[in-house]
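Engineer: Submitted below is the structure of interest, expressed as structure tokens.
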Amino acid sequence: MNLERFADGHLTAITTDGSRVSLRLEAYVEYRLVPGEVSVVEVFELSADPAELAMSEPPVAEHCIEEPTWWDHDGRRTIEFFAPLRIQVTAAAFELTSLGVEPRPVLPAPSANVCTFGIAEIPPLGPGVVWRTLGGDAGTPADPDGWFLQRRDRLATSTTGVFCTTHADRVTFERQDADDALWRDVRLLGRHATRVWSGNCVFEPADWVTWVTTGVLPPVERLSV
């Protein structure tokens, strides 16, 4: 039984019926990332009867699982997944059955906490927002790489803010300890960019501003430029 195939796959459901435990697993046959393209997954049922199930919470179908682990003890095997919390099934024997192959259109998935701008210079955000190093006071960086943006009135209560990294003509912002208003203002700096990258999406500046302000995404063909 080759469980390594499920590394980076998905555990989408768990069902129990008396002593029987069944897990629905997906393994990628063809993996695509760009919105509008189509991934292909093979769906499996991993079942055992009788079996013991231990889990804190049900699996999250969208969560990419790590490579499963397993071990044997006293003639029984325990299989462990993190999806995202620990899920264990213990039984004397398991059956792995293929349920067929399914196409999966790739959906747009902008990141909630990271965005990258094609921009040569970062515009100021006003006197209430300052640059600072980790745990430091307000400063003026010659190069913002490795610095944070934070509200001036939070310098004493926060050591971070919105982390900035730079590479060539791209600037990446990562929300670490920033309130919603500051993170929104930082993301809206993307209106000055040539392109915005976030998650698996590439935005035109106007589309990015619309997404940040209204939550409405453009047609999928405009997110893979």
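Ligands are numbered from 1 in the order shown, chains are lettered A, B, ... in the order of the structure tokens, and residues start at 1 in each chain.
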Pick out the residues sitting within 10 Å of Gly18 of chain A, and hand them over as a PyMOL selection string; count only C-alpha atoms, and ignore anything fewer than 6 positions along from it in its own chain.
Structural biologist: chain A and resi 49-51
Engineer: Find the spatial neighbours of Thr213 of chain A, counting only C-alpha atoms, within a cut-off of 12 Å - ignore same-chain residues fewer than 3 positions away - and output them as number ranges by chain.
Structural biologist: A: 181, 183-185, 187-188, 190-191, 206-210, 216-217
Engineer: Write out as a PyMOL selection string all residues of segment 84-214 of chain A that DSSP puts in helix (DSSP H, G or I) for this structure's backbone.
Structural biologist: chain A and resi 152-154+180-192+205-214
Engineer: Which residue is closest to Pro110 of chain A? Choose from A:Val212, A:Ala7, A:Ala142, A:Met1 and count only C-alpha atoms.
Structural biologist: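 Comparing A:Val212, A:Ala7, A:Ala142, A:Met1 against Pro110 of chain A, the winner is A:Val212.
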Engineer: Neighbouring residues of Ser198 of chain A were defined as those with any atom within 12 Å, considering only C-alpha atoms; residues of the same chain fewer than 6 positions away were excluded. Please report them as a ChimeraX atom specification.
Structural biologist: /A:34-35,108-118,171-174,187,190,204-205,208,211-212,223-224
Engineer: Name all residues at most 12 Å from Asn2 of chain A (count only C-alpha atoms; drop same-chain ones fewer than 3 positions away) and give them as a compact mmCIF listing (two decimals) with N, CA and C atoms, in the first residue's frame.
Structural biologist:
```txt
# COMPACT_ATOMS: atom_id res chain seq x y z
N ARG A 5 2.18 8.43 -2.01
CA ARG A 5 1.55 9.16 -3.11
C ARG A 5 0.66 10.30 -2.62
N PHE A 6 0.26 10.25 -1.35
CA PHE A 6 -0.66 11.26 -0.83
C PHE A 6 0.04 12.48 -0.24
N ALA A 7 1.36 12.49 -0.25
CA ALA A 7 2.08 13.69 0.16
C ALA A 7 1.67 14.84 -0.75
N ALA A 27 -4.89 12.13 -4.53
CA ALA A 27 -3.49 12.26 -4.93
C ALA A 27 -3.44 12.91 -6.30
N PHE A 44 -9.23 8.13 -3.82
CA PHE A 44 -9.12 6.81 -3.20
C PHE A 44 -9.98 6.74 -1.94
N LEU A 46 -9.54 4.81 1.65
CA LEU A 46 -8.73 4.00 2.56
C LEU A 46 -9.65 3.57 3.68
N GLU A 67 3.33 14.09 4.05
CA GLU A 67 3.43 12.66 3.77
C GLU A 67 2.96 11.88 4.98
N PRO A 68 2.02 10.95 4.80
CA PRO A 68 1.53 10.17 5.94
C PRO A 68 2.65 9.36 6.59
N THR A 69 2.49 9.09 7.86
CA THR A 69 3.41 8.21 8.56
C THR A 69 2.62 7.03 9.13
N TRP A 70 3.32 5.94 9.40
CA TRP A 70 2.65 4.77 9.97
C TRP A 70 3.65 3.93 10.74
N PHE A 94 -5.75 -2.75 6.27
CA PHE A 94 -6.39 -1.66 5.55
C PHE A 94 -6.62 -2.06 4.10
N GLU A 95 -7.61 -1.43 3.48
CA GLU A 95 -7.86 -1.62 2.06
C GLU A 95 -7.84 -0.25 1.38
N LEU A 96 -7.06 -0.15 0.31
CA LEU A 96 -6.98 1.10 -0.46
C LEU A 96 -7.59 0.85 -1.83
N THR A 97 -8.64 1.59 -2.15
CA THR A 97 -9.39 1.38 -3.38
C THR A 97 -9.44 2.66 -4.19
```
Engineer: Compile the contact shell of Arg132 of chain A as a tab-separated table (two decimals) with C-alpha atoms, in the first residue's frame: residues with an atom at most 12 Å away, counting only C-alpha atoms, same-chain residues fewer than 5 positions apart removed.
Structural biologist:
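Below is the file that was written, out21.tsv:
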```tsv
chain	number	residue	atom	x	y	z
A	137	ASP	CA	12.00	52.87	17.03
A	138	ALA	CA	10.91	54.81	13.95
A	139	GLY	CA	13.65	55.18	11.37
A	140	THR	CA	14.41	56.00	7.76
A	141	PRO	CA	15.87	52.99	5.94
A	142	ALA	CA	18.24	53.48	3.05
A	143	ASP	CA	16.89	50.14	1.86
A	144	PRO	CA	13.54	48.89	3.26
A	145	ASP	CA	14.56	45.24	2.88
A	146	GLY	CA	14.08	43.58	6.27
A	147	TRP	CA	12.24	46.55	7.80
A	148	PHE	CA	8.67	46.79	9.07
A	149	LEU	CA	5.87	49.27	8.55
A	150	GLN	CA	3.94	49.99	11.72
A	151	ARG	CA	1.67	52.64	13.18
A	152	ARG	CA	3.64	55.14	15.23
A	154	ARG	CA	1.99	50.92	18.28
A	155	LEU	CA	5.78	51.00	18.43
A	156	ALA	CA	5.78	50.51	22.19
A	158	SER	CA	4.49	45.68	19.03
A	159	THR	CA	7.90	44.51	17.86
A	160	THR	CA	6.96	43.94	14.21
A	161	GLY	CA	4.27	45.17	11.78
A	162	VAL	CA	4.16	44.58	8.03
A	163	PHE	CA	7.45	42.96	7.00
A	164	CYS	CA	9.09	44.14	3.78
```
Engineer: Report as a PDB file with N, CA, C and O atoms, in the first residue's frame all protein, DNA and RNA residues lying within 10 Å of segment 71-73 of chain A, evaluated on only C-alpha atoms, omitting residues in the same chain fewer than 4 positions from it.
Structural biologist:
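In the end it all went to out_27.pdb:
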```
ATOM      1  N   ARG A  77      -1.580  -1.800  12.741  1.00  0.00           N
ATOM      2  CA  ARG A  77      -0.911  -0.656  12.120  1.00  0.00           C
ATOM      3  C   ARG A  77      -1.690   0.623  12.425  1.00  0.00           C
ATOM      4  O   ARG A  77      -2.921   0.650  12.341  1.00  0.00           O
ATOM      5  N   THR A  78      -0.952   1.673  12.740  1.00  0.00           N
ATOM      6  CA  THR A  78      -1.531   3.009  12.904  1.00  0.00           C
ATOM      7  C   THR A  78      -1.045   3.895  11.775  1.00  0.00           C
ATOM      8  O   THR A  78       0.166   3.983  11.525  1.00  0.00           O
ATOM      9  N   ILE A  79      -1.980   4.531  11.090  1.00  0.00           N
ATOM     10  CA  ILE A  79      -1.658   5.483  10.016  1.00  0.00           C
ATOM     11  C   ILE A  79      -2.029   6.872  10.512  1.00  0.00           C
ATOM     12  O   ILE A  79      -3.120   7.089  11.052  1.00  0.00           O
ATOM     13  N   GLU A  80      -1.106   7.810  10.304  1.00  0.00           N
ATOM     14  CA  GLU A  80      -1.283   9.156  10.840  1.00  0.00           C
ATOM     15  C   GLU A  80      -1.211  10.192   9.723  1.00  0.00           C
ATOM     16  O   GLU A  80      -0.309  10.175   8.890  1.00  0.00           O
ATOM     17  N   THR A  90      -6.209   3.178  13.429  1.00  0.00           N
ATOM     18  CA  THR A  90      -5.484   1.969  13.811  1.00  0.00           C
ATOM     19  C   THR A  90      -6.336   0.752  13.476  1.00  0.00           C
ATOM     20  O   THR A  90      -7.529   0.707  13.809  1.00  0.00           O
ATOM     21  N   ALA A  91      -5.710  -0.235  12.813  1.00  0.00           N
ATOM     22  CA  ALA A  91      -6.434  -1.452  12.429  1.00  0.00           C
ATOM     23  C   ALA A  91      -5.434  -2.554  12.137  1.00  0.00           C
ATOM     24  O   ALA A  91      -4.235  -2.306  11.942  1.00  0.00           O
ATOM     25  N   ALA A  92      -5.946  -3.773  12.081  1.00  0.00           N
ATOM     26  CA  ALA A  92      -5.093  -4.907  11.739  1.00  0.00           C
ATOM     27  C   ALA A  92      -4.781  -4.938  10.251  1.00  0.00           C
ATOM     28  O   ALA A  92      -3.721  -5.403   9.827  1.00  0.00           O
TER      29      ALA A  92
END
```
Engineer: Going by DSSP on the backbone, which residues of segment 49-166 of chain A come out as strand (DSSP E)? List them as a PDB file with N, CA, C and O atoms, in the first residue's frame.
Structural biologist:
```pdb
ATOM      1  N   ALA A  51     -11.788  -0.795  13.050  1.00  0.00           N
ATOM      2  CA  ALA A  51     -10.722   0.209  13.146  1.00  0.00           C
ATOM      3  C   ALA A  51     -11.036   1.163  14.276  1.00  0.00           C
ATOM      4  O   ALA A  51     -12.190   1.319  14.683  1.00  0.00           O
ATOM      5  N   GLU A  52      -9.995   1.823  14.746  1.00  0.00           N
ATOM      6  CA  GLU A  52     -10.142   2.852  15.779  1.00  0.00           C
ATOM      7  C   GLU A  52      -9.694   4.189  15.182  1.00  0.00           C
ATOM      8  O   GLU A  52      -8.634   4.273  14.556  1.00  0.00           O
ATOM      9  N   LEU A  53     -10.505   5.203  15.400  1.00  0.00           N
ATOM     10  CA  LEU A  53     -10.232   6.540  14.871  1.00  0.00           C
ATOM     11  C   LEU A  53      -9.973   7.492  16.025  1.00  0.00           C
ATOM     12  O   LEU A  53     -10.731   7.525  16.999  1.00  0.00           O
ATOM     13  N   ALA A  54      -8.898   8.283  15.900  1.00  0.00           N
ATOM     14  CA  ALA A  54      -8.587   9.314  16.892  1.00  0.00           C
ATOM     15  C   ALA A  54      -8.296  10.606  16.152  1.00  0.00           C
ATOM     16  O   ALA A  54      -7.404  10.660  15.297  1.00  0.00           O
ATOM     17  N   MET A  55      -9.071  11.648  16.459  1.00  0.00           N
ATOM     18  CA  MET A  55      -8.826  12.948  15.828  1.00  0.00           C
ATOM     19  C   MET A  55      -9.388  14.051  16.703  1.00  0.00           C
ATOM     20  O   MET A  55     -10.384  13.861  17.411  1.00  0.00           O
ATOM     21  N   THR A  69       2.488   9.093   7.860  1.00  0.00           N
ATOM     22  CA  THR A  69       3.406   8.213   8.563  1.00  0.00           C
ATOM     23  C   THR A  69       2.618   7.031   9.133  1.00  0.00           C
ATOM     24  O   THR A  69       1.399   7.110   9.296  1.00  0.00           O
ATOM     25  N   TRP A  70       3.323   5.943   9.402  1.00  0.00           N
ATOM     26  CA  TRP A  70       2.651   4.770   9.966  1.00  0.00           C
ATOM     27  C   TRP A  70       3.652   3.934  10.738  1.00  0.00           C
ATOM     28  O   TRP A  70       4.856   4.027  10.536  1.00  0.00           O
ATOM     29  N   TRP A  71       3.115   3.141  11.653  1.00  0.00           N
ATOM     30  CA  TRP A  71       3.950   2.246  12.440  1.00  0.00           C
ATOM     31  C   TRP A  71       3.102   1.050  12.875  1.00  0.00           C
ATOM     32  O   TRP A  71       1.872   1.110  12.919  1.00  0.00           O
ATOM     33  N   ASP A  72       3.803  -0.058  13.159  1.00  0.00           N
ATOM     34  CA  ASP A  72       3.149  -1.297  13.552  1.00  0.00           C
ATOM     35  C   ASP A  72       3.437  -1.590  15.012  1.00  0.00           C
ATOM     36  O   ASP A  72       4.552  -1.355  15.509  1.00  0.00           O
ATOM     37  N   HIS A  73       2.417  -2.143  15.693  1.00  0.00           N
ATOM     38  CA  HIS A  73       2.583  -2.514  17.101  1.00  0.00           C
ATOM     39  C   HIS A  73       1.580  -3.604  17.440  1.00  0.00           C
ATOM     40  O   HIS A  73       0.361  -3.450  17.204  1.00  0.00           O
ATOM     41  N   ARG A  76      -0.900  -4.677  14.766  1.00  0.00           N
ATOM     42  CA  ARG A  76      -1.820  -3.666  14.224  1.00  0.00           C
ATOM     43  C   ARG A  76      -1.011  -2.501  13.680  1.00  0.00           C
ATOM     44  O   ARG A  76       0.113  -2.244  14.111  1.00  0.00           O
ATOM     45  N   ARG A  77      -1.580  -1.800  12.741  1.00  0.00           N
ATOM     46  CA  ARG A  77      -0.911  -0.656  12.120  1.00  0.00           C
ATOM     47  C   ARG A  77      -1.690   0.623  12.425  1.00  0.00           C
ATOM     48  O   ARG A  77      -2.921   0.650  12.341  1.00  0.00           O
ATOM     49  N   THR A  78      -0.952   1.673  12.740  1.00  0.00           N
ATOM     50  CA  THR A  78      -1.531   3.009  12.904  1.00  0.00           C
ATOM     51  C   THR A  78      -1.045   3.895  11.775  1.00  0.00           C
ATOM     52  O   THR A  78       0.166   3.983  11.525  1.00  0.00           O
ATOM     53  N   ILE A  79      -1.980   4.531  11.090  1.00  0.00           N
ATOM     54  CA  ILE A  79      -1.658   5.483  10.016  1.00  0.00           C
ATOM     55  C   ILE A  79      -2.029   6.872  10.512  1.00  0.00           C
ATOM     56  O   ILE A  79      -3.120   7.089  11.052  1.00  0.00           O
ATOM     57  N   GLU A  80      -1.106   7.810  10.304  1.00  0.00           N
ATOM     58  CA  GLU A  80      -1.283   9.156  10.840  1.00  0.00           C
ATOM     59  C   GLU A  80      -1.211  10.192   9.723  1.00  0.00           C
ATOM     60  O   GLU A  80      -0.309  10.175   8.890  1.00  0.00           O
ATOM     61  N   PHE A  81      -2.191  11.088   9.726  1.00  0.00           N
ATOM     62  CA  PHE A  81      -2.229  12.227   8.808  1.00  0.00           C
ATOM     63  C   PHE A  81      -2.318  13.512   9.631  1.00  0.00           C
ATOM     64  O   PHE A  81      -2.830  13.503  10.761  1.00  0.00           O
ATOM     65  N   PHE A  82      -1.854  14.610   9.043  1.00  0.00           N
ATOM     66  CA  PHE A  82      -2.099  15.940   9.594  1.00  0.00           C
ATOM     67  C   PHE A  82      -2.906  16.704   8.550  1.00  0.00           C
ATOM     68  O   PHE A  82      -2.402  16.992   7.463  1.00  0.00           O
ATOM     69  N   ARG A  86      -3.802  16.363  13.864  1.00  0.00           N
ATOM     70  CA  ARG A  86      -3.460  14.945  13.817  1.00  0.00           C
ATOM     71  C   ARG A  86      -4.715  14.078  13.700  1.00  0.00           C
ATOM     72  O   ARG A  86      -5.686  14.256  14.437  1.00  0.00           O
ATOM     73  N   ILE A  87      -4.688  13.136  12.776  1.00  0.00           N
ATOM     74  CA  ILE A  87      -5.741  12.139  12.596  1.00  0.00           C
ATOM     75  C   ILE A  87      -5.072  10.777  12.512  1.00  0.00           C
ATOM     76  O   ILE A  87      -4.164  10.575  11.702  1.00  0.00           O
ATOM     77  N   GLN A  88      -5.514   9.848  13.357  1.00  0.00           N
ATOM     78  CA  GLN A  88      -4.920   8.520  13.386  1.00  0.00           C
ATOM     79  C   GLN A  88      -5.999   7.453  13.218  1.00  0.00           C
ATOM     80  O   GLN A  88      -7.077   7.553  13.805  1.00  0.00           O
ATOM     81  N   VAL A  89      -5.686   6.444  12.426  1.00  0.00           N
ATOM     82  CA  VAL A  89      -6.546   5.277  12.275  1.00  0.00           C
ATOM     83  C   VAL A  89      -5.703   4.045  12.557  1.00  0.00           C
ATOM     84  O   VAL A  89      -4.616   3.885  11.987  1.00  0.00           O
ATOM     85  N   THR A  90      -6.209   3.178  13.429  1.00  0.00           N
ATOM     86  CA  THR A  90      -5.484   1.969  13.811  1.00  0.00           C
ATOM     87  C   THR A  90      -6.336   0.752  13.476  1.00  0.00           C
ATOM     88  O   THR A  90      -7.529   0.707  13.809  1.00  0.00           O
ATOM     89  N   ALA A  91      -5.710  -0.235  12.813  1.00  0.00           N
ATOM     90  CA  ALA A  91      -6.434  -1.452  12.429  1.00  0.00           C
ATOM     91  C   ALA A  91      -5.434  -2.554  12.137  1.00  0.00           C
ATOM     92  O   ALA A  91      -4.235  -2.306  11.942  1.00  0.00           O
ATOM     93  N   GLU A  95      -7.606  -1.426   3.484  1.00  0.00           N
ATOM     94  CA  GLU A  95      -7.861  -1.617   2.063  1.00  0.00           C
ATOM     95  C   GLU A  95      -7.836  -0.254   1.381  1.00  0.00           C
ATOM     96  O   GLU A  95      -8.508   0.676   1.827  1.00  0.00           O
ATOM     97  N   LEU A  96      -7.063  -0.148   0.309  1.00  0.00           N
ATOM     98  CA  LEU A  96      -6.976   1.100  -0.462  1.00  0.00           C
ATOM     99  C   LEU A  96      -7.587   0.851  -1.834  1.00  0.00           C
ATOM    100  O   LEU A  96      -7.102   0.019  -2.601  1.00  0.00           O
ATOM    101  N   THR A  97      -8.639   1.595  -2.147  1.00  0.00           N
ATOM    102  CA  THR A  97      -9.390   1.383  -3.375  1.00  0.00           C
ATOM    103  C   THR A  97      -9.442   2.658  -4.187  1.00  0.00           C
ATOM    104  O   THR A  97      -9.768   3.732  -3.655  1.00  0.00           O
ATOM    105  N   SER A  98      -9.109   2.597  -5.473  1.00  0.00           N
ATOM    106  CA  SER A  98      -9.224   3.753  -6.354  1.00  0.00           C
ATOM    107  C   SER A  98     -10.686   3.959  -6.734  1.00  0.00           C
ATOM    108  O   SER A  98     -11.387   3.030  -7.139  1.00  0.00           O
ATOM    109  N   LEU A  99     -11.148   5.210  -6.606  1.00  0.00           N
ATOM    110  CA  LEU A  99     -12.522   5.562  -6.965  1.00  0.00           C
ATOM    111  C   LEU A  99     -12.603   6.301  -8.296  1.00  0.00           C
ATOM    112  O   LEU A  99     -13.677   6.738  -8.700  1.00  0.00           O
ATOM    113  N   GLY A 100     -11.449   6.463  -8.963  1.00  0.00           N
ATOM    114  CA  GLY A 100     -11.449   7.102 -10.271  1.00  0.00           C
ATOM    115  C   GLY A 100     -10.682   8.413 -10.285  1.00  0.00           C
ATOM    116  O   GLY A 100     -10.170   8.885  -9.265  1.00  0.00           O
ATOM    117  N   VAL A 101     -10.607   8.980 -11.467  1.00  0.00           N
ATOM    118  CA  VAL A 101      -9.851  10.210 -11.713  1.00  0.00           C
ATOM    119  C   VAL A 101     -10.826  11.357 -11.968  1.00  0.00           C
ATOM    120  O   VAL A 101     -11.824  11.186 -12.671  1.00  0.00           O
ATOM    121  N   GLU A 102     -10.520  12.532 -11.390  1.00  0.00           N
ATOM    122  CA  GLU A 102     -11.403  13.685 -11.537  1.00  0.00           C
ATOM    123  C   GLU A 102     -10.592  14.919 -11.932  1.00  0.00           C
ATOM    124  O   GLU A 102      -9.526  15.171 -11.365  1.00  0.00           O
ATOM    125  N   PRO A 103     -11.106  15.727 -12.897  1.00  0.00           N
ATOM    126  CA  PRO A 103     -10.470  17.011 -13.196  1.00  0.00           C
ATOM    127  C   PRO A 103     -10.888  18.047 -12.156  1.00  0.00           C
ATOM    128  O   PRO A 103     -12.023  18.034 -11.677  1.00  0.00           O
ATOM    129  N   ARG A 104      -9.987  18.949 -11.814  1.00  0.00           N
ATOM    130  CA  ARG A 104     -10.272  20.001 -10.844  1.00  0.00           C
ATOM    131  C   ARG A 104      -9.777  21.343 -11.384  1.00  0.00           C
ATOM    132  O   ARG A 104      -8.565  21.600 -11.405  1.00  0.00           O
ATOM    133  N   PRO A 105     -10.693  22.204 -11.847  1.00  0.00           N
ATOM    134  CA  PRO A 105     -10.255  23.539 -12.269  1.00  0.00           C
ATOM    135  C   PRO A 105      -9.564  24.264 -11.116  1.00  0.00           C
ATOM    136  O   PRO A 105     -10.012  24.196  -9.961  1.00  0.00           O
ATOM    137  N   VAL A 114       0.081  38.014   2.302  1.00  0.00           N
ATOM    138  CA  VAL A 114       1.307  38.306   1.557  1.00  0.00           C
ATOM    139  C   VAL A 114       0.940  38.841   0.174  1.00  0.00           C
ATOM    140  O   VAL A 114       0.031  38.315  -0.475  1.00  0.00           O
ATOM    141  N   CYS A 115       1.652  39.866  -0.270  1.00  0.00           N
ATOM    142  CA  CYS A 115       1.495  40.365  -1.637  1.00  0.00           C
ATOM    143  C   CYS A 115       2.816  40.938  -2.113  1.00  0.00           C
ATOM    144  O   CYS A 115       3.635  41.411  -1.319  1.00  0.00           O
ATOM    145  N   THR A 116       3.036  40.870  -3.407  1.00  0.00           N
ATOM    146  CA  THR A 116       4.272  41.370  -4.019  1.00  0.00           C
ATOM    147  C   THR A 116       3.920  42.361  -5.101  1.00  0.00           C
ATOM    148  O   THR A 116       3.054  42.102  -5.944  1.00  0.00           O
ATOM    149  N   PHE A 117       4.595  43.496  -5.088  1.00  0.00           N
ATOM    150  CA  PHE A 117       4.332  44.554  -6.059  1.00  0.00           C
ATOM    151  C   PHE A 117       5.523  44.716  -6.999  1.00  0.00           C
ATOM    152  O   PHE A 117       6.675  44.661  -6.565  1.00  0.00           O
ATOM    153  N   GLY A 118       5.221  44.905  -8.268  1.00  0.00           N
ATOM    154  CA  GLY A 118       6.236  45.341  -9.202  1.00  0.00           C
ATOM    155  C   GLY A 118       6.344  46.857  -9.100  1.00  0.00           C
ATOM    156  O   GLY A 118       5.567  47.587  -9.711  1.00  0.00           O
ATOM    157  N   VAL A 129       2.240  56.360   9.987  1.00  0.00           N
ATOM    158  CA  VAL A 129       2.847  55.059   9.702  1.00  0.00           C
ATOM    159  C   VAL A 129       4.337  55.254   9.488  1.00  0.00           C
ATOM    160  O   VAL A 129       4.742  56.121   8.708  1.00  0.00           O
ATOM    161  N   VAL A 130       5.151  54.444  10.160  1.00  0.00           N
ATOM    162  CA  VAL A 130       6.599  54.638  10.115  1.00  0.00           C
ATOM    163  C   VAL A 130       7.301  53.325   9.803  1.00  0.00           C
ATOM    164  O   VAL A 130       6.732  52.240   9.942  1.00  0.00           O
ATOM    165  N   TRP A 131       8.560  53.449   9.388  1.00  0.00           N
ATOM    166  CA  TRP A 131       9.426  52.299   9.237  1.00  0.00           C
ATOM    167  C   TRP A 131      10.129  52.028  10.555  1.00  0.00           C
ATOM    168  O   TRP A 131      10.468  52.952  11.295  1.00  0.00           O
ATOM    169  N   ARG A 132      10.382  50.750  10.831  1.00  0.00           N
ATOM    170  CA  ARG A 132      11.144  50.394  12.027  1.00  0.00           C
ATOM    171  C   ARG A 132      11.807  49.033  11.799  1.00  0.00           C
ATOM    172  O   ARG A 132      11.323  48.197  11.018  1.00  0.00           O
ATOM    173  N   ALA A 138      11.109  54.324  15.316  1.00  0.00           N
ATOM    174  CA  ALA A 138      10.911  54.805  13.949  1.00  0.00           C
ATOM    175  C   ALA A 138      12.248  55.178  13.337  1.00  0.00           C
ATOM    176  O   ALA A 138      13.138  55.718  14.010  1.00  0.00           O
ATOM    177  N   GLY A 139      12.414  54.855  12.053  1.00  0.00           N
ATOM    178  CA  GLY A 139      13.650  55.177  11.368  1.00  0.00           C
ATOM    179  C   GLY A 139      13.420  55.411   9.898  1.00  0.00           C
ATOM    180  O   GLY A 139      12.289  55.296   9.397  1.00  0.00           O
ATOM    181  N   PHE A 148      10.111  46.934   8.852  1.00  0.00           N
ATOM    182  CA  PHE A 148       8.673  46.793   9.066  1.00  0.00           C
ATOM    183  C   PHE A 148       7.990  48.146   8.941  1.00  0.00           C
ATOM    184  O   PHE A 148       8.563  49.181   9.304  1.00  0.00           O
ATOM    185  N   LEU A 149       6.761  48.114   8.449  1.00  0.00           N
ATOM    186  CA  LEU A 149       5.873  49.267   8.546  1.00  0.00           C
ATOM    187  C   LEU A 149       4.941  49.055   9.738  1.00  0.00           C
ATOM    188  O   LEU A 149       4.386  47.970   9.913  1.00  0.00           O
ATOM    189  N   GLN A 150       4.802  50.093  10.555  1.00  0.00           N
ATOM    190  CA  GLN A 150       3.935  49.993  11.719  1.00  0.00           C
ATOM    191  C   GLN A 150       3.369  51.374  12.064  1.00  0.00           C
ATOM    192  O   GLN A 150       3.966  52.397  11.716  1.00  0.00           O
ATOM    193  N   ARG A 151       2.226  51.373  12.719  1.00  0.00           N
ATOM    194  CA  ARG A 151       1.675  52.636  13.176  1.00  0.00           C
ATOM    195  C   ARG A 151       2.551  53.199  14.301  1.00  0.00           C
ATOM    196  O   ARG A 151       3.013  52.464  15.173  1.00  0.00           O
ATOM    197  N   VAL A 162       4.218  45.175   9.365  1.00  0.00           N
ATOM    198  CA  VAL A 162       4.163  44.579   8.026  1.00  0.00           C
ATOM    199  C   VAL A 162       5.602  44.451   7.528  1.00  0.00           C
ATOM    200  O   VAL A 162       6.281  45.454   7.319  1.00  0.00           O
ATOM    201  N   PHE A 163       6.060  43.213   7.359  1.00  0.00           N
ATOM    202  CA  PHE A 163       7.448  42.957   6.996  1.00  0.00           C
ATOM    203  C   PHE A 163       7.655  43.196   5.508  1.00  0.00           C
ATOM    204  O   PHE A 163       6.815  42.824   4.676  1.00  0.00           O
ATOM    205  N   CYS A 164       8.785  43.786   5.168  1.00  0.00           N
ATOM    206  CA  CYS A 164       9.087  44.143   3.785  1.00  0.00           C
ATOM    207  C   CYS A 164      10.363  43.432   3.333  1.00  0.00           C
ATOM    208  O   CYS A 164      11.373  43.439   4.044  1.00  0.00           O
ATOM    209  N   THR A 165      10.314  42.820   2.164  1.00  0.00           N
ATOM    210  CA  THR A 165      11.509  42.280   1.525  1.00  0.00           C
ATOM    211  C   THR A 165      11.534  42.770   0.085  1.00  0.00           C
ATOM    212  O   THR A 165      10.483  42.976  -0.530  1.00  0.00           O
ATOM    213  N   THR A 166      12.731  42.955  -0.450  1.00  0.00           N
ATOM    214  CA  THR A 166      12.872  43.473  -1.810  1.00  0.00           C
ATOM    215  C   THR A 166      13.765  42.556  -2.630  1.00  0.00           C
ATOM    216  O   THR A 166      14.694  41.932  -2.112  1.00  0.00           O
TER     217      THR A 166
END
```
